[in-house]
Structures are given as C-alpha cells and as structure tokens.
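Below is query.csv, holding CSV, C-alpha atoms.
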```csv
chain,number,residue,atom,x,y,z
A,1,MET,CA,89.5,25.1,39.5
A,2,THR,CA,85.8,25.7,39.1
A,3,ALA,CA,83.2,24.2,41.4
A,4,SER,CA,81.8,20.8,40.5
A,5,GLU,CA,78.9,20.8,38.2
A,6,PHE,CA,77.0,18.8,40.8
A,7,ALA,CA,77.4,21.3,43.5
A,8,SER,CA,74.1,22.9,42.7
A,9,TYR,CA,72.4,19.7,43.8
A,10,ARG,CA,73.8,19.8,47.3
A,11,PRO,CA,71.7,21.2,50.1
A,12,PRO,CA,72.7,24.6,51.4
A,13,ASP,CA,75.4,24.7,54.1
A,14,GLU,CA,74.4,25.3,57.6
A,15,PRO,CA,75.9,28.4,59.1
A,16,ARG,CA,79.1,27.7,61.0
A,17,ARG,CA,80.8,29.5,63.8
A,18,ARG,CA,84.2,30.9,62.9
A,19,ARG,CA,86.9,29.8,65.3
A,20,ARG,CA,90.7,30.2,65.5
A,21,ARG,CA,93.0,27.5,64.7
A,22,ARG,CA,95.6,26.4,67.2
A,23,ASP,CA,98.4,28.1,65.4
A,24,GLY,CA,96.5,31.4,65.7
A,25,ALA,CA,95.7,31.8,62.0
A,26,ARG,CA,92.2,32.3,60.9
A,27,PRO,CA,90.6,29.7,58.6
A,28,GLY,CA,91.2,30.7,55.0
A,29,SER,CA,94.2,32.9,55.8
A,30,GLY,CA,96.5,30.9,53.5
A,31,ARG,CA,98.4,29.2,56.3
A,32,GLY,CA,98.1,25.4,56.7
A,33,ARG,CA,95.2,24.1,54.7
A,34,GLY,CA,93.9,25.9,51.7
A,35,PRO,CA,90.6,27.7,51.8
A,36,ARG,CA,87.5,25.6,51.5
A,37,ARG,CA,85.5,26.0,48.4
A,38,PRO,CA,81.9,27.2,49.0
A,39,GLY,CA,79.2,24.6,48.9
A,40,GLY,CA,81.5,21.7,49.6
A,41,ALA,CA,82.4,21.4,45.9
A,42,ASP,CA,85.8,19.8,46.8
A,43,GLY,CA,84.0,16.8,48.3
A,44,SER,CA,84.9,17.9,51.9
A,45,ARG,CA,81.3,17.5,53.0
A,46,GLU,CA,79.3,14.3,52.4
A,47,MET,CA,75.7,14.5,51.4
A,48,PRO,CA,73.2,11.8,52.3
A,49,VAL,CA,72.5,9.4,49.5
A,50,VAL,CA,69.9,7.3,51.3
A,51,PRO,CA,66.5,8.9,52.0
A,52,ASP,CA,64.8,8.6,55.3
A,53,ALA,CA,63.2,5.2,55.6
A,54,GLU,CA,59.4,5.1,55.2
A,55,PHE,CA,57.3,2.1,55.7
A,56,THR,CA,56.1,0.4,52.5
A,57,SER,CA,55.9,-3.0,50.9
A,58,TYR,CA,56.8,-4.4,47.6
A,59,TYR,CA,55.0,-2.3,45.0
A,60,GLY,CA,52.5,-1.3,47.7
A,61,ARG,CA,50.9,-4.7,47.5
A,62,PRO,CA,49.4,-6.3,50.6
A,63,ILE,CA,51.7,-8.6,52.6
A,64,VAL,CA,48.8,-10.9,53.6
A,65,LYS,CA,46.5,-12.0,50.8
A,66,PRO,CA,42.9,-10.9,51.7
A,67,ALA,CA,40.5,-13.8,52.1
A,68,PRO,CA,38.6,-14.4,48.8
A,69,TRP,CA,35.2,-13.8,50.5
A,70,GLY,CA,32.4,-11.5,49.7
A,71,GLY,CA,29.2,-10.3,51.3
A,72,ASP,CA,27.8,-13.9,51.2
A,73,ILE,CA,30.2,-15.0,53.9
A,74,ALA,CA,29.3,-12.1,56.1
A,75,ALA,CA,25.6,-13.0,55.7
A,76,TYR,CA,26.5,-16.6,56.5
A,77,LEU,CA,28.2,-15.5,59.7
A,78,PHE,CA,25.0,-13.9,60.8
A,79,LEU,CA,22.6,-16.6,59.6
A,80,GLY,CA,24.6,-19.4,61.2
A,81,GLY,CA,24.6,-17.6,64.5
A,82,LEU,CA,20.8,-16.9,64.3
A,83,ALA,CA,20.2,-20.6,63.4
A,84,ALA,CA,22.3,-21.8,66.4
A,85,GLY,CA,20.6,-19.5,68.9
A,86,SER,CA,17.2,-20.4,67.7
A,87,GLY,CA,17.9,-24.2,67.8
A,88,LEU,CA,19.1,-23.8,71.4
A,89,LEU,CA,16.0,-21.8,72.3
A,90,ALA,CA,13.7,-24.4,70.7
A,91,ALA,CA,15.3,-27.2,72.6
A,92,GLY,CA,14.8,-25.4,75.9
A,93,ALA,CA,11.2,-24.6,75.0
A,94,GLN,CA,10.7,-28.3,74.1
A,95,LEU,CA,12.0,-29.4,77.6
A,96,THR,CA,9.9,-26.8,79.5
A,97,GLY,CA,6.6,-27.2,77.6
A,98,ARG,CA,6.4,-24.0,75.6
A,99,PRO,CA,4.9,-25.0,72.3
A,100,ALA,CA,4.7,-21.6,70.7
A,101,LEU,CA,8.3,-20.8,71.5
A,102,ARG,CA,9.4,-24.2,70.4
A,103,ARG,CA,7.6,-23.7,67.1
A,104,VAL,CA,9.2,-20.3,66.5
A,105,GLY,CA,12.6,-21.6,67.4
A,106,ARG,CA,12.4,-24.6,65.1
A,107,PHE,CA,11.3,-22.7,62.1
A,108,ALA,CA,13.8,-19.9,62.7
A,109,ALA,CA,16.6,-22.6,63.0
A,110,ILE,CA,15.9,-24.4,59.8
A,111,GLY,CA,15.1,-21.2,57.9
A,112,SER,CA,18.3,-19.5,58.9
A,113,ALA,CA,20.4,-22.7,58.4
A,114,GLY,CA,19.0,-23.1,55.0
A,115,LEU,CA,19.6,-19.5,53.9
A,116,GLY,CA,23.1,-19.7,55.4
A,117,THR,CA,23.9,-22.8,53.5
A,118,VAL,CA,22.7,-21.1,50.3
A,119,ALA,CA,25.0,-18.1,51.0
A,120,LEU,CA,27.9,-20.4,51.7
A,121,ILE,CA,27.3,-22.3,48.4
A,122,ARG,CA,27.0,-19.0,46.5
A,123,ASP,CA,30.4,-18.0,47.7
A,124,LEU,CA,31.9,-21.4,46.9
A,125,GLY,CA,30.6,-21.1,43.4
A,126,ARG,CA,29.3,-24.7,42.9
A,127,PRO,CA,27.2,-26.8,45.2
A,128,GLU,CA,29.4,-29.9,44.9
A,129,ARG,CA,32.2,-28.0,46.7
A,130,PHE,CA,30.2,-28.0,49.9
A,131,ALA,CA,29.6,-31.7,49.5
A,132,ASN,CA,33.3,-32.2,48.9
A,133,MET,CA,34.0,-30.7,52.3
A,134,LEU,CA,32.0,-33.6,53.9
A,135,ARG,CA,34.1,-36.3,52.3
A,136,THR,CA,36.4,-36.4,55.3
A,137,ILE,CA,36.5,-34.9,58.8
A,138,LYS,CA,39.6,-33.3,60.2
A,139,VAL,CA,39.3,-32.3,63.8
A,140,THR,CA,42.2,-29.8,63.5
A,141,SER,CA,40.5,-27.8,60.7
A,142,PRO,CA,37.8,-25.3,61.8
A,143,MET,CA,36.4,-25.4,58.2
A,144,SER,CA,36.0,-29.2,58.3
A,145,VAL,CA,34.5,-29.3,61.8
A,146,GLY,CA,32.2,-26.4,60.9
A,147,SER,CA,30.9,-28.0,57.8
A,148,TRP,CA,30.0,-31.1,59.7
A,149,LEU,CA,28.4,-29.1,62.5
A,150,LEU,CA,26.3,-27.2,59.9
A,151,ALA,CA,25.3,-30.4,58.1
A,152,GLY,CA,24.3,-32.2,61.4
A,153,PHE,CA,22.5,-29.2,62.8
A,154,ALA,CA,20.6,-28.5,59.5
A,155,THR,CA,19.5,-32.2,59.3
A,156,SER,CA,18.3,-32.3,62.9
A,157,ALA,CA,16.6,-28.9,62.7
A,158,GLY,CA,14.9,-30.0,59.4
A,159,VAL,CA,13.5,-33.2,61.0
A,160,ALA,CA,12.2,-31.2,64.0
A,161,ALA,CA,10.6,-28.5,61.8
A,162,ALA,CA,9.0,-31.2,59.6
A,163,GLY,CA,7.4,-32.7,62.8
A,164,GLU,CA,6.1,-29.2,63.7
A,165,VAL,CA,4.6,-28.7,60.2
A,166,ASP,CA,2.8,-32.1,60.5
A,167,ARG,CA,1.3,-31.2,63.8
A,168,MET,CA,0.2,-27.8,62.5
A,169,SER,CA,-1.5,-29.5,59.5
A,170,ALA,CA,-3.3,-31.9,61.8
A,171,GLY,CA,-1.7,-34.9,60.1
A,172,ARG,CA,-2.9,-34.0,56.6
A,173,LEU,CA,0.6,-34.2,55.1
A,174,PRO,CA,0.9,-37.2,52.7
A,175,LEU,CA,3.6,-39.0,54.8
A,176,GLY,CA,2.0,-42.4,54.9
A,177,PRO,CA,4.0,-44.9,57.0
A,178,LEU,CA,6.7,-42.2,57.7
A,179,ARG,CA,4.4,-40.3,60.1
A,180,PRO,CA,4.9,-42.5,63.2
A,181,LEU,CA,8.6,-42.5,62.5
A,182,LEU,CA,8.6,-38.7,62.3
A,183,ARG,CA,6.6,-38.3,65.4
A,184,GLN,CA,9.1,-40.4,67.3
A,185,ALA,CA,12.2,-38.7,65.7
A,186,ASP,CA,11.3,-35.0,65.9
A,187,GLY,CA,11.7,-34.7,69.6
A,188,ALA,CA,15.1,-36.3,69.6
A,189,ALA,CA,16.1,-34.3,66.5
A,190,GLY,CA,15.2,-31.1,68.4
A,191,ILE,CA,17.5,-32.0,71.3
A,192,VAL,CA,20.3,-32.9,68.9
A,193,ALA,CA,20.0,-29.5,67.2
A,194,GLY,CA,20.1,-27.8,70.6
A,195,ALA,CA,23.2,-29.8,71.6
A,196,LEU,CA,25.0,-28.8,68.3
A,197,ALA,CA,23.9,-25.2,68.6
A,198,PRO,CA,26.8,-23.8,70.8
A,199,GLY,CA,29.4,-25.2,68.5
A,200,LEU,CA,27.7,-23.8,65.5
A,201,ALA,CA,27.4,-20.4,67.1
A,202,ALA,CA,31.1,-20.1,68.0
A,203,TYR,CA,32.9,-22.0,65.2
A,204,THR,CA,32.7,-19.1,62.8
A,205,GLY,CA,34.8,-17.0,65.2
A,206,VAL,CA,37.4,-19.8,65.4
A,207,LEU,CA,37.3,-20.1,61.6
A,208,LEU,CA,38.1,-16.4,61.1
A,209,SER,CA,40.8,-16.3,63.8
A,210,ALA,CA,42.6,-19.3,62.2
A,211,THR,CA,43.4,-17.2,59.1
A,212,ALA,CA,46.4,-14.9,58.7
A,213,THR,CA,44.1,-11.9,58.4
A,214,PRO,CA,45.6,-9.5,61.0
A,215,THR,CA,42.5,-8.3,62.8
A,216,TRP,CA,40.8,-11.7,63.0
A,217,ASN,CA,44.0,-13.5,64.1
A,218,GLU,CA,44.8,-10.8,66.7
A,219,ALA,CA,41.2,-11.1,68.2
A,220,ARG,CA,41.3,-14.9,68.3
A,221,ASP,CA,40.7,-15.1,72.0
A,222,GLU,CA,37.5,-13.0,71.9
A,223,LEU,CA,35.9,-13.7,68.5
A,224,PRO,CA,34.2,-17.0,69.5
A,225,PHE,CA,32.7,-15.4,72.6
A,226,LEU,CA,31.6,-12.3,70.7
A,227,PHE,CA,29.9,-14.5,68.0
A,228,ALA,CA,28.2,-16.7,70.6
A,229,GLY,CA,26.9,-13.6,72.3
A,230,SER,CA,25.8,-12.1,69.0
A,231,ALA,CA,24.0,-15.4,68.2
A,232,ALA,CA,22.1,-15.4,71.5
A,233,LEU,CA,20.9,-11.8,71.3
A,234,ALA,CA,19.8,-12.3,67.7
A,235,ALA,CA,17.8,-15.5,68.4
A,236,GLY,CA,16.3,-14.0,71.5
A,237,GLY,CA,15.3,-10.9,69.6
A,238,LEU,CA,13.6,-12.8,66.8
A,239,ALA,CA,11.7,-15.0,69.3
A,240,MET,CA,10.6,-11.9,71.2
A,241,ILE,CA,9.0,-10.6,68.0
A,242,ALA,CA,7.3,-13.8,67.0
A,243,THR,CA,6.3,-15.4,70.3
A,244,PRO,CA,3.5,-14.4,72.7
A,245,ARG,CA,4.7,-12.6,75.8
A,246,ALA,CA,3.5,-15.4,78.1
A,247,GLU,CA,6.0,-17.9,76.6
A,248,ALA,CA,8.8,-15.5,75.7
A,249,GLY,CA,10.5,-15.4,79.1
A,250,PRO,CA,13.4,-17.7,78.0
A,251,ALA,CA,13.8,-15.6,74.9
A,252,ARG,CA,14.2,-12.5,76.9
A,253,GLY,CA,16.7,-14.2,79.2
A,254,LEU,CA,18.8,-15.4,76.3
A,255,ALA,CA,18.7,-12.0,74.7
A,256,LEU,CA,20.0,-10.3,77.9
A,257,ALA,CA,22.7,-12.9,78.3
A,258,GLY,CA,23.7,-12.3,74.7
A,259,VAL,CA,23.9,-8.6,75.1
A,260,ALA,CA,26.1,-8.9,78.2
A,261,ALA,CA,28.4,-11.4,76.4
A,262,ASP,CA,28.5,-9.3,73.2
A,263,LEU,CA,29.4,-6.0,75.0
A,264,ALA,CA,31.9,-7.7,77.4
A,265,ALA,CA,33.7,-9.5,74.5
A,266,SER,CA,33.8,-6.4,72.4
A,267,GLY,CA,35.3,-4.3,75.2
A,268,VAL,CA,38.0,-6.8,76.1
A,269,MET,CA,38.8,-7.3,72.4
A,270,GLU,CA,39.4,-3.5,71.8
A,271,ARG,CA,41.5,-3.1,74.9
A,272,ARG,CA,43.7,-6.2,74.3
A,273,VAL,CA,44.5,-6.1,70.6
A,274,ASP,CA,47.5,-4.2,69.3
A,275,PRO,CA,46.9,-0.4,68.9
A,276,ALA,CA,47.2,-0.6,65.1
A,277,ILE,CA,44.7,-3.4,65.0
A,278,ALA,CA,42.3,-1.5,67.2
A,279,GLU,CA,42.3,1.2,64.5
A,280,THR,CA,40.5,-1.2,62.1
A,281,LEU,CA,37.8,-1.8,64.7
A,282,ARG,CA,37.2,1.9,65.3
A,283,GLY,CA,37.8,3.5,62.0
A,284,GLY,CA,36.2,3.4,58.6
A,285,SER,CA,32.9,1.6,57.8
A,286,ALA,CA,33.8,-1.2,60.2
A,287,GLY,CA,34.1,1.2,63.1
A,288,GLU,CA,30.8,2.8,62.2
A,289,MET,CA,29.0,-0.5,62.1
A,290,LEU,CA,30.5,-1.8,65.3
A,291,ARG,CA,29.6,1.4,67.2
A,292,ALA,CA,26.0,1.3,65.8
A,293,SER,CA,25.9,-2.4,66.9
A,294,GLN,CA,26.8,-1.6,70.4
A,295,ALA,CA,24.3,1.2,70.6
A,296,LEU,CA,21.6,-1.0,69.3
A,297,ALA,CA,22.5,-3.8,71.7
A,298,VAL,CA,22.3,-1.5,74.7
A,299,THR,CA,19.0,-0.1,73.5
A,300,GLY,CA,17.6,-3.5,72.8
A,301,GLY,CA,18.8,-4.8,76.1
A,302,ILE,CA,17.1,-2.0,78.0
A,303,GLY,CA,13.9,-2.5,76.0
A,304,THR,CA,14.1,-6.3,76.8
A,305,LEU,CA,13.7,-5.5,80.5
A,306,LEU,CA,10.3,-3.9,79.6
A,307,ALA,CA,9.3,-6.4,76.9
A,308,GLY,CA,7.5,-8.6,79.4
A,309,ARG,CA,4.8,-5.9,79.9
A,310,SER,CA,4.6,-4.4,76.5
A,311,ARG,CA,4.2,-6.1,73.1
A,312,THR,CA,5.4,-3.0,71.4
A,313,ALA,CA,8.5,-2.9,73.5
A,314,ALA,CA,9.1,-6.6,72.7
A,315,VAL,CA,8.9,-6.1,68.9
A,316,CYS,CA,11.0,-2.9,68.9
A,317,SER,CA,13.7,-4.4,71.2
A,318,GLY,CA,13.8,-7.6,69.2
A,319,ALA,CA,14.3,-5.7,65.9
A,320,ALA,CA,17.1,-3.7,67.5
A,321,LEU,CA,18.8,-6.8,68.7
A,322,LEU,CA,18.6,-8.4,65.3
A,323,ALA,CA,20.1,-5.3,63.7
A,324,ALA,CA,22.9,-5.3,66.3
A,325,SER,CA,23.8,-8.9,65.4
A,326,VAL,CA,23.9,-8.1,61.7
A,327,LEU,CA,26.1,-5.1,62.2
A,328,THR,CA,28.5,-7.0,64.5
A,329,ARG,CA,29.1,-9.7,61.9
A,330,PHE,CA,29.5,-7.3,59.0
A,331,GLY,CA,31.6,-5.0,61.0
A,332,ILE,CA,34.1,-7.7,62.1
A,333,PHE,CA,34.2,-9.0,58.6
A,334,GLU,CA,35.0,-5.6,57.1
A,335,ALA,CA,37.6,-4.8,59.8
A,336,GLY,CA,39.4,-8.0,58.9
A,337,MET,CA,39.3,-7.3,55.2
A,338,ALA,CA,40.6,-3.8,55.7
A,339,SER,CA,43.5,-5.0,57.8
A,340,ALA,CA,44.6,-7.5,55.1
A,341,ARG,CA,44.6,-4.8,52.4
A,342,ASP,CA,47.0,-2.5,54.3
A,343,PRO,CA,50.6,-3.9,55.0
A,344,ARG,CA,50.9,-1.6,58.0
A,345,TYR,CA,48.5,-3.8,60.1
A,346,THR,CA,50.7,-6.8,59.5
A,347,VAL,CA,54.2,-5.3,60.2
A,348,GLU,CA,53.6,-2.9,63.1
A,349,PRO,CA,52.1,-5.6,65.4
A,350,GLN,CA,54.9,-8.0,64.4
A,351,LYS,CA,57.5,-5.4,65.4
A,352,ARG,CA,55.9,-4.8,68.8
A,353,ARG,CA,55.7,-8.6,69.5
A,354,LEU,CA,59.4,-8.9,68.7
A,355,GLU,CA,60.2,-6.0,71.0
A,356,ARG,CA,58.3,-7.7,73.8
A,357,ARG,CA,60.1,-11.0,73.3
A,358,ARG,CA,63.5,-9.3,73.3
A,359,ALA,CA,62.5,-7.4,76.4
A,360,ALA,CA,61.6,-10.7,78.1
A,361,GLY,CA,65.0,-12.1,77.1
A,362,ILE,CA,63.7,-14.5,74.5
A,363,THR,CA,66.5,-14.3,71.9
A,364,ASP,CA,67.6,-17.9,71.4
A,365,ASP,CA,65.0,-19.2,68.9
A,366,SER,CA,64.3,-18.8,65.2
A,367,ILE,CA,61.8,-16.0,65.8
A,368,THR,CA,63.8,-13.6,67.9
A,369,THR,CA,67.5,-12.9,67.7
A,370,ALA,CA,69.6,-10.5,69.7
A,371,GLU,CA,70.4,-7.2,68.1
```
Starting from the file, lay out its structure as structure tokens.
Amino acid sequence: MTASEFASYRPPDEPRRRRRRRDGARPGSGRGRGPRRPGGADGSREMPVVPDAEFTSYYGRPIVKPAPWGGDIAAYLFLGGLAAGSGLLAAGAQLTGRPALRRVGRFAAIGSAGLGTVALIRDLGRPERFANMLRTIKVTSPMSVGSWLLAGFATSAGVAAAGEVDRMSAGRLPLGPLRPLLRQADGAAGIVAGALAPGLAAYTGVLLSATATPTWNEARDELPFLFAGSAALAAGGLAMIATPRAEAGPARGLALAGVAADLAASGVMERRVDPAIAETLRGGSAGEMLRASQALAVTGGIGTLLAGRSRTAAVCSGAALLAASVLTRFGIFEAGMASARDPRYTVEPQKRRLERRRAAGITDDSITTAE
C-alpha cells in the first residue's frame, strides 16, 4: 500500500525516542503490530485542523459604530467650554466691581457660544435640527439637557453683551423704549449666565461618556471634571490676554484652578482606565495632542504665577492655556474615535471586566456565568 496522497501536507514528525516493547521486541520488528508507515500516512497521527485562535471581528468591521461626528463637534467641545468659563468669570467680575474683566468675559461668552452653536448646526446639517432638540426636555438625556443649557446660556449671555455694547456706545444704539428694559435686564442676565456656566462646561463630558465609544465610556468618571478644568484654564487664559493686569486677578486664579483640575483629572483617568483603553490616550495623534496639552498647561500655569507682574508673561501664558484647552478637547475626541474603529478596544476591556466579576463570585446574573 502506498502512502496517502495527502501525506505531503502533514507537518514533519517530531523525533521520537526508540523504546522496547514489554514483550522485548523492538518496534517494527514484525512481532505484534505492523510497522508504522512514515509520515503518519496510515492515519495513526492526527493533525490539527483548527488554526490557533486570533482576535478578529466579522470581516474586520468595528464592533461599536463610530460616532458620526467630525471636527465641528471637537471645535464645539472647546468653544462651549470657553463660553462657560468666560460667563462664570464675567458674573464674578460683575459682583466684585471689575468692569473691564466683566466686559471681556461677556463678549467672550457670547462670541464662543455663538461660534459653538454654528459648529453644532454645521455638524447637524440643517438649523431646524437644533430647534427640534428644544421641542421637549428629557432630564435623562445629556443631549436634551445640554441643548437647553446652551440655549439658556446663549440667550442670557446675549442680553448681557447687548447691555455692555449699549454702555460702550454711550446710549447711541437705536433701542428706543427697550433701553430701560435692557439696563434692568443685563445684570440679571449676567448672573443667570454665570449660574448656567458650570453645567455647560461639564455636560459635554457627560454627553461623550454616555455613548458606547470605548474610551469615552471608560473615562466617564473623569471626563466631566477634565472638561470643566479645561474650560476654566481656557477662559482664564483668554481673560489674561485681554484684561489689564490690575483687574485680571480672578482670571489668573481661575486659570490656576483649571490647570490643577485638568492635570489631576488627566492623571487619574490614565491610571484608572483599562490598559487597552489607556493605549488610545497615549498613542497615535491623540496621544501626541494630549501630551502637548499637558506640557502647555504646566507651562501656562507657571507663567500665570508671574503674569501679575509682567504683561508679556500674561499674554504668553494665556495663549499657552488656550492652546492646551484646544488640544485636550481634540485629543479626547480623537482617542474616542480611534477606540471605536478598532474592535480590540471593545473586546479586551469586556473580557477583563468579566474576569473580575467571576473572581468576585458574581456568576448568577445574565452578564456573568460560571465556566
């Protein structure tokens, strides 16, 4: 009998040690069993038919659908934070009698809120889609709550900025009988904008973490604090650039608080998230932006300590803080999009979570079962 025609496809035999049979005969001597055919052609040796398992997904497609957002949303994340921080700073300046700082904060708030709304509408495609989000309010939806926060903040900031323009023009605006009403309303509007500012600064972090995008969802505990800190340092940096040093003390304090919150939240986030998710925060373009952001935040924070004595230090530090905030928002945005494109960042954290639940003895629910 000749060897099987498929024998040539078998892997080569591993060398075996010759040993005597119990009856004293050597293998292949003709006693007992017949001699083995070389290469296992008689089917005596099984060959593996299943290859080693490698991680993949169906047709290499993402498991989580990436969010259908572009650069306009990343810009909106930054502009919304800048608007919120500026509105809070303007309200504080209003209460402490700093007219120059109040004016800068109000104009920055309405300008950033307006540009952010434009960026949001550009991403939505049609302006009426934004109006449709205001038809109802759903307190369990970050998108719904955020839309109302943005609308309320922009309206209040707009009234406060209009009052500021009227004062700067010495009452020459053709307001007619509306001028007394505006003079009475702009102060209250500035306070309302300041009250809505913290929610506007943090809600975008809640919005991102409420999605199924692996990096954003994994960092859900830190993102609101990170975005609030980023908003504070951005608003403080802009006010340091545009406000005289004599009135910029609160801006410097807000900037330093923002730097501390930003760096603390970033550090906690990178240590707490799953090791696979941490790769998205450290590698690629997202990692480069986030490292540059932290370096600029530290540099701007050190410069802020000297900004009270030097106008040049104030301008340079403020610019560094603004750039740090931009890079933080774009870096977090890109890290999330990268994690959604690669199935590995969905599956590996899930496996580790299941292992931890099994180790804790949680095996009696629909999520974890005993092996």
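The gap separating atom CA of A:Gly237 from atom CA of A:Gly283 is 27.8 Å, in Å to one decimal.
Of the listed residues (A:Thr299, A:Thr117, A:Ser230, A:Thr215), A:Ser230 comes nearest to A:Ala202; the distances count all atoms listed in the file.
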Inset, instruction - Within 8 Å of (21.1, -8.7, 66.4) (coordinates as in the file), grab all the protein and nucleic acid residues, counting all atoms listed in the file, and write them out as an NGL selection string. - result: :A and (230-231 or 233-235 or 237 or 293 or 297 or 318-328)
Legend entry - Residues within 12 Å of stretch 248-251 of chain A, all atoms listed in the file, excluding chain neighbours under 3 positions, as a ChimeraX atom specification: /A:85-105,232-245,254-258,301,304-311,314-315,317-318,321
Inset, instruction - Write out as a ChimeraX atom specification each polymer residue whose atoms come within 9 Å of A:Thr213, counting all atoms listed in the file; drop sequence neighbours fewer than 3 positions from it. - result: /A:64-67,208-210,216-218,336-337,339-340,346
Expected file: the selected residues, C-alpha atoms, as a compact mmCIF listing (two decimals), in the frame of the given file:
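Saved the output as result15.txt:
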```txt
# COMPACT_ATOMS: atom_id res chain seq x y z
CA VAL A 64 48.80 -10.90 53.60
CA LYS A 65 46.50 -12.00 50.80
CA PRO A 66 42.90 -10.90 51.70
CA ALA A 67 40.50 -13.80 52.10
CA LEU A 208 38.10 -16.40 61.10
CA SER A 209 40.80 -16.30 63.80
CA ALA A 210 42.60 -19.30 62.20
CA TRP A 216 40.80 -11.70 63.00
CA ASN A 217 44.00 -13.50 64.10
CA GLU A 218 44.80 -10.80 66.70
CA GLY A 336 39.40 -8.00 58.90
CA MET A 337 39.30 -7.30 55.20
CA SER A 339 43.50 -5.00 57.80
CA ALA A 340 44.60 -7.50 55.10
CA THR A 346 50.70 -6.80 59.50
```
Inset, instruction - Provide the atom CA of A:Glu128 to atom CA of A:Ala154 distance in Å, to one decimal place. - result: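 Computing it gives 17.1 Å between the two atoms.
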Inset, instruction - Show me as an MDAnalysis selection string the residues that reach within 8 Å of (27.7, -6.6, 73.4), counting all atoms listed in the file and using the file's own coordinates. - result: chainID A and resid 226 229:230 258:266 293:294 297:298
Within 12 Å of stretch 134-146 of chain A, which residues of stretch 151-177 of chain A show up? Give each one with its shortest atom-to-atom distance in Å (one decimal) and the two atoms involved, counting all atoms listed in the file, rows by chain then rising residue number, as a tab-separated table.
```
residue	atom	partner	partner_atom	distance
A:Ala151	CA	A:Gly146	CA	8.5
A:Gly152	CA	A:Gly146	CA	9.8
A:Phe153	CA	A:Gly146	CA	10.3
A:Ala154	CA	A:Gly146	CA	11.9
```
Go ahead and save the residues from that selection, with C-alpha atoms, as an mmCIF file, in the frame of the given file.
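Result file follows (part_35.cif):
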```
data_model
loop_
_atom_site.group_PDB
_atom_site.id
_atom_site.type_symbol
_atom_site.label_atom_id
_atom_site.label_comp_id
_atom_site.auth_asym_id
_atom_site.auth_seq_id
_atom_site.Cartn_x
_atom_site.Cartn_y
_atom_site.Cartn_z
ATOM 1 C CA ALA A 151 25.300 -30.400 58.100
ATOM 2 C CA GLY A 152 24.300 -32.200 61.400
ATOM 3 C CA PHE A 153 22.500 -29.200 62.800
ATOM 4 C CA ALA A 154 20.600 -28.500 59.500
#
```
Inset, instruction - Using all atoms listed in the file, pick whichever of A:Gln184, A:Gly163, A:Ala119, A:Ala195 has the shortest atom-to-atom distance to A:Gly70. - result: A:Ala119
Legend entry - Separation of atom CA of A:Tyr76 from atom CA of A:Ala193 in Å: 18.0 Å
